[in-house]
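Enquirer: Next comes query_7.cif, mmCIF, C-alpha atoms:
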```cif
data_entry
loop_
_atom_site.label_atom_id
_atom_site.label_comp_id
_atom_site.auth_asym_id
_atom_site.auth_seq_id
_atom_site.Cartn_x
_atom_site.Cartn_y
_atom_site.Cartn_z
CA MET H 139 -9.20 -11.52 -1.05
CA TYR H 140 -12.42 -11.68 -3.05
CA VAL H 141 -11.97 -9.97 -6.42
CA PRO H 142 -15.01 -10.02 -8.75
CA GLU H 143 -14.22 -10.22 -12.47
CA HIS H 144 -15.01 -6.55 -13.08
CA PHE H 145 -12.44 -5.57 -10.43
CA ASP H 146 -9.68 -7.72 -11.94
CA PRO H 147 -6.19 -6.93 -10.64
CA PRO H 148 -4.37 -4.16 -12.51
CA SER H 149 -0.91 -4.52 -14.02
CA THR H 150 2.08 -5.31 -11.83
CA ASP H 151 3.41 -1.81 -12.53
CA ALA H 152 0.15 -0.30 -11.22
CA MET H 153 0.44 -2.39 -8.06
CA PHE H 154 4.05 -1.32 -7.55
CA GLN H 155 3.03 2.30 -8.06
CA LEU H 156 0.44 2.04 -5.28
CA VAL H 157 3.00 0.49 -2.93
CA ARG H 158 5.45 3.31 -3.61
CA GLN H 159 2.79 6.00 -3.19
CA HIS H 160 1.41 4.43 0.02
CA PRO H 161 4.45 2.72 1.60
CA LEU H 162 2.97 2.36 5.09
CA GLY H 163 1.91 -1.27 4.93
CA VAL H 164 0.27 -3.57 7.45
CA LEU H 165 2.43 -6.62 8.08
CA PHE H 166 0.35 -9.64 9.11
CA THR H 167 2.21 -12.51 10.75
CA HIS H 168 1.21 -15.79 12.37
CA GLY H 169 4.07 -16.63 14.68
CA GLU H 170 4.44 -18.47 17.94
CA SER H 171 2.16 -15.98 19.73
CA GLY H 172 -0.57 -16.19 17.10
CA LEU H 173 -1.86 -13.57 14.68
CA ASP H 174 -0.29 -10.12 14.80
CA ALA H 175 -0.34 -6.94 12.72
CA ASN H 176 2.27 -4.19 12.55
CA HIS H 177 2.11 -0.89 10.65
CA ILE H 178 5.48 -0.36 8.99
CA PRO H 179 6.88 1.83 6.18
CA PHE H 180 8.38 -0.37 3.46
CA GLU H 181 10.96 0.13 0.74
CA LEU H 182 10.11 -1.78 -2.45
CA VAL H 183 12.85 -3.13 -4.72
CA ALA H 184 10.82 -4.25 -7.71
CA GLU H 185 13.78 -5.78 -9.57
CA ALA H 186 14.74 -8.18 -6.77
CA GLY H 187 13.07 -11.58 -7.10
CA ALA H 188 10.21 -12.72 -9.30
CA PHE H 189 7.70 -10.26 -7.79
CA GLY H 190 9.96 -7.80 -5.99
CA THR H 191 11.26 -7.58 -2.43
CA LEU H 192 10.10 -5.46 0.50
CA HIS H 193 12.48 -4.05 3.10
CA ALA H 194 11.59 -2.58 6.49
CA HIS H 195 12.76 -2.24 10.06
CA VAL H 196 11.14 -2.49 13.47
CA ALA H 197 12.16 -1.54 16.99
CA ARG H 198 14.28 -4.18 18.67
CA ASN H 199 11.72 -4.16 21.48
CA ASN H 200 8.98 -5.16 19.01
CA PRO H 201 8.43 -8.91 19.54
CA VAL H 202 7.45 -9.50 15.90
CA TRP H 203 11.02 -10.26 14.80
CA THR H 204 11.49 -12.94 17.47
CA ASP H 205 7.98 -14.34 17.06
CA VAL H 206 8.51 -15.35 13.42
CA ARG H 207 11.16 -17.52 11.81
CA ASN H 208 13.08 -17.08 8.58
CA GLY H 209 10.98 -18.43 5.74
CA ASP H 210 7.62 -17.93 7.46
CA GLU H 211 4.79 -16.85 5.17
CA VAL H 212 3.52 -13.32 5.80
CA LEU H 213 1.12 -10.87 4.21
CA VAL H 214 1.62 -7.13 3.74
CA VAL H 215 -1.40 -4.98 2.85
CA PHE H 216 -1.00 -1.59 1.20
CA ARG H 217 -4.12 0.57 1.04
CA GLY H 218 -4.45 3.45 -1.36
CA GLU H 219 -7.16 6.07 -1.67
CA GLU H 220 -10.70 5.17 -0.57
CA ALA H 221 -14.09 6.85 -0.15
CA TYR H 222 -17.78 6.24 0.45
CA ILE H 223 -19.97 6.42 -2.65
CA SER H 224 -23.59 7.54 -2.30
CA PRO H 225 -26.20 6.15 -4.71
CA ASN H 226 -27.47 9.71 -5.09
CA TRP H 227 -24.31 10.51 -7.06
CA TYR H 228 -25.40 8.25 -9.94
CA PRO H 229 -27.67 9.86 -12.57
CA SER H 230 -29.18 6.43 -13.24
CA LYS H 231 -30.52 6.39 -9.69
CA GLN H 232 -32.91 9.16 -10.63
CA GLU H 233 -34.23 6.99 -13.47
CA HIS H 234 -34.79 3.58 -11.88
CA HIS H 235 -33.66 3.93 -8.22
CA LYS H 236 -31.79 0.62 -8.46
CA GLN H 237 -28.62 1.76 -6.73
CA VAL H 238 -27.20 1.22 -3.26
CA PRO H 239 -24.33 2.75 -1.24
CA THR H 240 -20.86 1.32 -1.71
CA TRP H 241 -17.20 2.03 -1.00
CA ASN H 242 -14.49 2.51 -3.61
CA TYR H 243 -10.86 1.77 -2.84
CA LYS H 244 -7.49 0.59 -4.11
CA VAL H 245 -5.56 -2.08 -2.22
CA VAL H 246 -2.58 -4.36 -2.86
CA HIS H 247 -1.81 -7.60 -1.02
CA ALA H 248 1.80 -8.78 -1.08
CA HIS H 249 2.27 -12.38 0.04
CA GLY H 250 5.82 -13.45 0.80
CA ARG H 251 8.46 -15.09 2.96
CA ILE H 252 10.11 -13.12 5.72
CA ARG H 253 13.77 -13.01 6.64
CA ILE H 254 15.16 -11.35 9.76
CA ARG H 255 18.10 -9.05 9.04
CA ASP H 256 19.69 -8.35 12.42
CA ASP H 257 22.85 -6.67 11.19
CA GLU H 258 23.89 -3.05 11.48
CA ARG H 259 25.05 -2.70 7.88
CA TYR H 260 21.68 -3.76 6.51
CA VAL H 261 19.59 -1.47 8.73
CA ARG H 262 21.92 1.48 8.15
CA GLY H 263 21.60 1.08 4.39
CA LEU H 264 17.84 0.68 4.64
CA VAL H 265 17.37 3.76 6.82
CA ALA H 266 19.52 5.75 4.39
CA LYS H 267 17.33 4.65 1.46
CA LEU H 268 14.08 5.40 3.30
CA THR H 269 15.43 8.81 4.30
CA ARG H 270 16.44 9.72 0.75
CA THR H 271 13.05 8.63 -0.56
CA HIS H 272 10.88 10.49 1.92
CA GLU H 273 13.06 13.56 2.42
CA ALA H 274 13.41 14.18 -1.33
CA SER H 275 10.53 16.68 -1.47
CA GLU H 276 11.73 18.71 1.52
CA PRO H 277 13.31 22.15 0.88
CA LYS H 278 16.38 21.05 2.84
CA PRO H 279 16.35 17.23 3.03
CA TRP H 280 17.49 15.72 6.32
CA LYS H 281 20.32 13.22 6.05
CA MET H 282 21.80 10.83 8.56
CA THR H 283 25.01 12.84 8.85
CA ASP H 284 22.98 15.77 10.23
CA ALA H 285 22.80 13.92 13.56
CA PRO H 286 25.76 13.09 15.80
CA LYS H 287 27.58 9.93 14.71
CA GLU H 288 27.25 8.32 18.14
CA TYR H 289 23.51 9.03 18.24
CA ILE H 290 22.91 7.41 14.85
CA ALA H 291 25.00 4.42 15.90
CA SER H 292 22.86 3.92 19.01
CA MET H 293 19.66 4.22 16.94
CA MET H 294 20.89 1.58 14.50
CA LEU H 295 21.42 -0.82 17.39
CA ALA H 296 17.83 -0.23 18.52
CA ILE H 297 16.24 -1.54 15.30
CA VAL H 298 16.11 -4.83 13.39
CA GLY H 299 15.69 -5.26 9.65
CA LEU H 300 13.02 -7.29 7.87
CA GLU H 301 13.25 -8.53 4.30
CA ILE H 302 10.23 -10.02 2.55
CA GLU H 303 10.57 -11.81 -0.78
CA ILE H 304 7.21 -11.36 -2.51
CA THR H 305 5.86 -14.66 -3.81
CA ARG H 306 2.43 -13.48 -4.92
CA LEU H 307 0.78 -10.14 -5.62
CA THR H 308 -2.96 -9.57 -5.67
CA ALA H 309 -4.90 -6.34 -5.89
CA LYS H 310 -8.37 -4.90 -6.03
CA PHE H 311 -8.97 -1.50 -7.59
CA LYS H 312 -12.69 -0.98 -6.98
CA LEU H 313 -13.50 2.11 -9.05
CA SER H 314 -17.15 1.58 -10.06
CA GLN H 315 -16.15 -0.49 -13.11
CA ASN H 316 -19.51 -2.25 -12.84
CA LYS H 317 -21.41 1.02 -13.32
CA GLU H 318 -22.48 2.93 -16.42
CA LEU H 319 -20.04 5.44 -17.87
CA GLY H 320 -22.18 8.42 -16.84
CA ASP H 321 -22.46 7.14 -13.28
CA ILE H 322 -18.68 6.72 -13.00
CA GLN H 323 -18.06 10.23 -14.29
CA SER H 324 -20.66 11.78 -11.98
CA ALA H 325 -19.40 10.03 -8.83
CA ALA H 326 -15.80 10.86 -9.71
CA THR H 327 -16.59 14.53 -10.20
CA ILE H 328 -18.29 14.73 -6.81
CA LEU H 329 -15.33 13.06 -5.13
CA ILE H 330 -12.94 15.59 -6.67
CA GLU H 331 -15.18 18.47 -5.56
CA ARG H 332 -15.06 17.06 -2.00
CA GLY H 333 -11.28 16.84 -1.88
CA ARG H 334 -10.82 13.18 -2.84
CA GLU H 335 -8.92 14.08 -6.01
CA ALA H 336 -6.75 10.98 -6.27
CA LEU H 337 -9.64 8.52 -6.18
CA GLY H 338 -11.85 10.68 -8.38
CA GLU H 339 -9.16 11.09 -11.00
CA SER H 340 -8.50 7.34 -10.99
CA MET H 341 -12.18 6.78 -11.70
CA LEU H 342 -12.20 9.38 -14.50
CA ASP H 343 -9.15 7.76 -16.08
CA LEU H 344 -10.99 4.45 -15.99
CA ALA H 345 -14.10 6.04 -17.52
CA LEU H 346 -12.04 7.46 -20.36
CA ASP H 347 -10.44 4.07 -20.98
CA GLN H 348 -13.90 2.47 -21.15
CA LYS H 349 -15.10 5.15 -23.52
CA ASP H 350 -12.14 4.64 -25.85
CA SER H 351 -12.37 0.84 -25.81
#
```
So, in terms of structure tokens, how does the structure I just supplied come out?
Expert:
Amino acid sequence: MYVPEHFDPPSTDAMFQLVRQHPLGVLFTHGESGLDANHIPFELVAEAGAFGTLHAHVARNNPVWTDVRNGDEVLVVFRGEEAYISPNWYPSKQEHHKQVPTWNYKVVHAHGRIRIRDDERYVRGLVAKLTRTHEASEPKPWKMTDAPKEYIASMMLAIVGLEIEITRLTAKFKLSQNKELGDIQSAATILIERGREALGESMLDLALDQKDS
């Protein structure tokens, strides 16, 4: 991924935060059938390994787990908030007109080695963790014991686990860092007004950091 100097990768903690906030990653593999991409929710264990470990599961009918081999290199892409940026949002455009449209976004690339985990204990534990994570904000969180025991057992047999040891993390948080402070603040304010609060607030935080530095 091309990352210009002014869009240098953020801290590892910031990258982990994006992964946790946007856990639906795109798993890119290059197995026996060639290139493939699968959209999968991941569970990140940051403390496992030098750069963390990702855990996920796929349907047993999904050929991805038979197409790759243990130890194969894979890439998982996590995309955060994104939005189009109009040059008209920059006050400096009104002065010299030297602005063009662009797109702001936050993305993390996790490179790693995959391991197939075709065992019921692993997938049961993983599903339990994913459920606790994503049901936590519900008024009455669903839990695996809410469903019949036999039904859950049959569902566990229908999925296969994937474990990815992250070997390299890269990221690009493109938040108009190459623009003037007033331009960043103006574009961020417009984004917030248009319902893109997360991206706009990230840009405002950056603008404040630049102002204080």
Enquirer: Could you give me, as a list in words, the residues within 10 Å of Glu318 (chain H), counting all atoms listed in the file and dropping anything in the same chain fewer than 5 positions from it?
Expert: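 In the requested format, the answer is Tyr228, Pro229, Ser230, Gln323, Ala345 and Gln348 of chain H.
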Enquirer: Suppose we keep C-alpha atoms; can you now write the selection as an mmCIF file, keeping the file's coordinate frame?
Expert:
```cif
data_model
loop_
_atom_site.group_PDB
_atom_site.id
_atom_site.type_symbol
_atom_site.label_atom_id
_atom_site.label_comp_id
_atom_site.auth_asym_id
_atom_site.auth_seq_id
_atom_site.Cartn_x
_atom_site.Cartn_y
_atom_site.Cartn_z
ATOM 1 C CA TYR H 228 -25.400 8.250 -9.940
ATOM 2 C CA PRO H 229 -27.670 9.860 -12.570
ATOM 3 C CA SER H 230 -29.180 6.430 -13.240
ATOM 4 C CA GLN H 323 -18.060 10.230 -14.290
ATOM 5 C CA ALA H 345 -14.100 6.040 -17.520
ATOM 6 C CA GLN H 348 -13.900 2.470 -21.150
#
```
Enquirer: One decimal, in Å: what's the spacing between CA of Thr240 (chain H) and CA of Pro142 (chain H)?
Expert: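 Distance between the two atoms: 14.6 Å.
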Enquirer: Since I can't run it myself right now, could you work out what the PyMOL selection byres ((chain H and resi 260) around 10) selects here and report it as a list in words?
Expert: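 With the shown file as input, the PyMOL selection byres ((chain H and resi 260) around 10) matches His193, His195, Arg255, Asp256, Asp257, Glu258, Arg259, Val261, Arg262, Gly263, Leu264, Val265, Ala266, Met294, Val298, Gly299, Leu300 and Glu301 of chain H.
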Enquirer: Step by step, work through what the PyMOL selection byres ((chain H and resi 308) around 9) selects in the shown file, and finish by giving those residues as a JSON list (two decimals) with C-alpha atoms, in the frame of the given file.
Expert:
```json
[["chain", "number", "residue", "atom", "x", "y", "z"],
["H", 139, "MET", "CA", -9.20, -11.52, -1.05],
["H", 147, "PRO", "CA", -6.19, -6.93, -10.64],
["H", 148, "PRO", "CA", -4.37, -4.16, -12.51],
["H", 153, "MET", "CA", 0.44, -2.39, -8.06],
["H", 245, "VAL", "CA", -5.56, -2.08, -2.22],
["H", 246, "VAL", "CA", -2.58, -4.36, -2.86],
["H", 247, "HIS", "CA", -1.81, -7.60, -1.02],
["H", 248, "ALA", "CA", 1.80, -8.78, -1.08],
["H", 249, "HIS", "CA", 2.27, -12.38, 0.04],
["H", 306, "ARG", "CA", 2.43, -13.48, -4.92],
["H", 307, "LEU", "CA", 0.78, -10.14, -5.62],
["H", 309, "ALA", "CA", -4.90, -6.34, -5.89],
["H", 310, "LYS", "CA", -8.37, -4.90, -6.03]]
```
Enquirer: Rounded to one decimal place, report the CA of Glu335 (chain H)-CA of Leu319 (chain H) distance in Å.
Expert: 18.4 Å
Enquirer: Which is closest to Asn199 (chain H) among H:Ile297, H:Phe145, H:Ala221, H:Arg158, if we use only C-alpha atoms?
Expert: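 Of H:Ile297, H:Phe145, H:Ala221, H:Arg158, the one nearest Asn199 (chain H), counting only C-alpha atoms, is H:Ile297.
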Enquirer: Find the distance between CA of Ala184 (chain H) and CA of Asp151 (chain H) and write it in Å to one decimal.
Expert: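 Separating CA of Ala184 (chain H) from CA of Asp151 (chain H) is a distance of 9.2 Å.
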Enquirer: I'd like the neighbourhood of Glu170 (chain H) as a list of chain:residue names, where a residue qualifies if any of its atoms comes within 12 Å (using only C-alpha atoms), though same-chain residues fewer than 4 positions away should be ignored.
Expert: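 Using only C-alpha atoms, the neighbours found are H:Asp174, H:Pro201, H:Val202, H:Trp203, H:Thr204, H:Asp205, H:Val206, H:Arg207, H:Asp210.
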Enquirer: Which one is closest to Val215 (chain H): H:Pro277, H:Gly338, H:Gly320, H:Pro179? Count only C-alpha atoms.
Expert: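 Between H:Pro277, H:Gly338, H:Gly320, H:Pro179, the residue approaching Val215 (chain H) most closely is H:Pro179.
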Enquirer: Nearest residue to Ala336 (chain H) out of H:Pro239, H:Pro286, H:Pro225, H:Gly218, using all atoms listed in the file?
Expert: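 Under the stated criterion, the closest residue is H:Gly218.
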Enquirer: Going by the chain IDs and residue numbers used in this file, which residues fall under the PyMOL selection byres ((chain H and resi 160) around 9)? Write them as a list in words.
Expert: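 Selected by the PyMOL selection byres ((chain H and resi 160) around 9) here: Gln155, Leu156, Val157, Arg158, Gln159, Pro161, Leu162, Gly163, Pro179, Phe216, Arg217, Gly218 and Glu219 of chain H.
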Enquirer: Tell me which of H:Ile252, H:Ala291, H:Ile302, H:Ile328 sits closest to Tyr222 (chain H), counting only C-alpha atoms.
Expert: H:Ile328
Enquirer: Can you tell me which residues surround Leu313 (chain H) at a distance of at most 7 Å, considering all atoms listed in the file, apart from same-chain residues fewer than 4 positions away, and format the answer as a PyMOL selection string?
Expert: chain H and resi 242-243+341
Enquirer: Considering only C-alpha atoms, can you say which of H:Gln232, H:Thr167, H:Gln315, H:Thr271 comes closest to Asp347 (chain H)?
Expert: H:Gln315
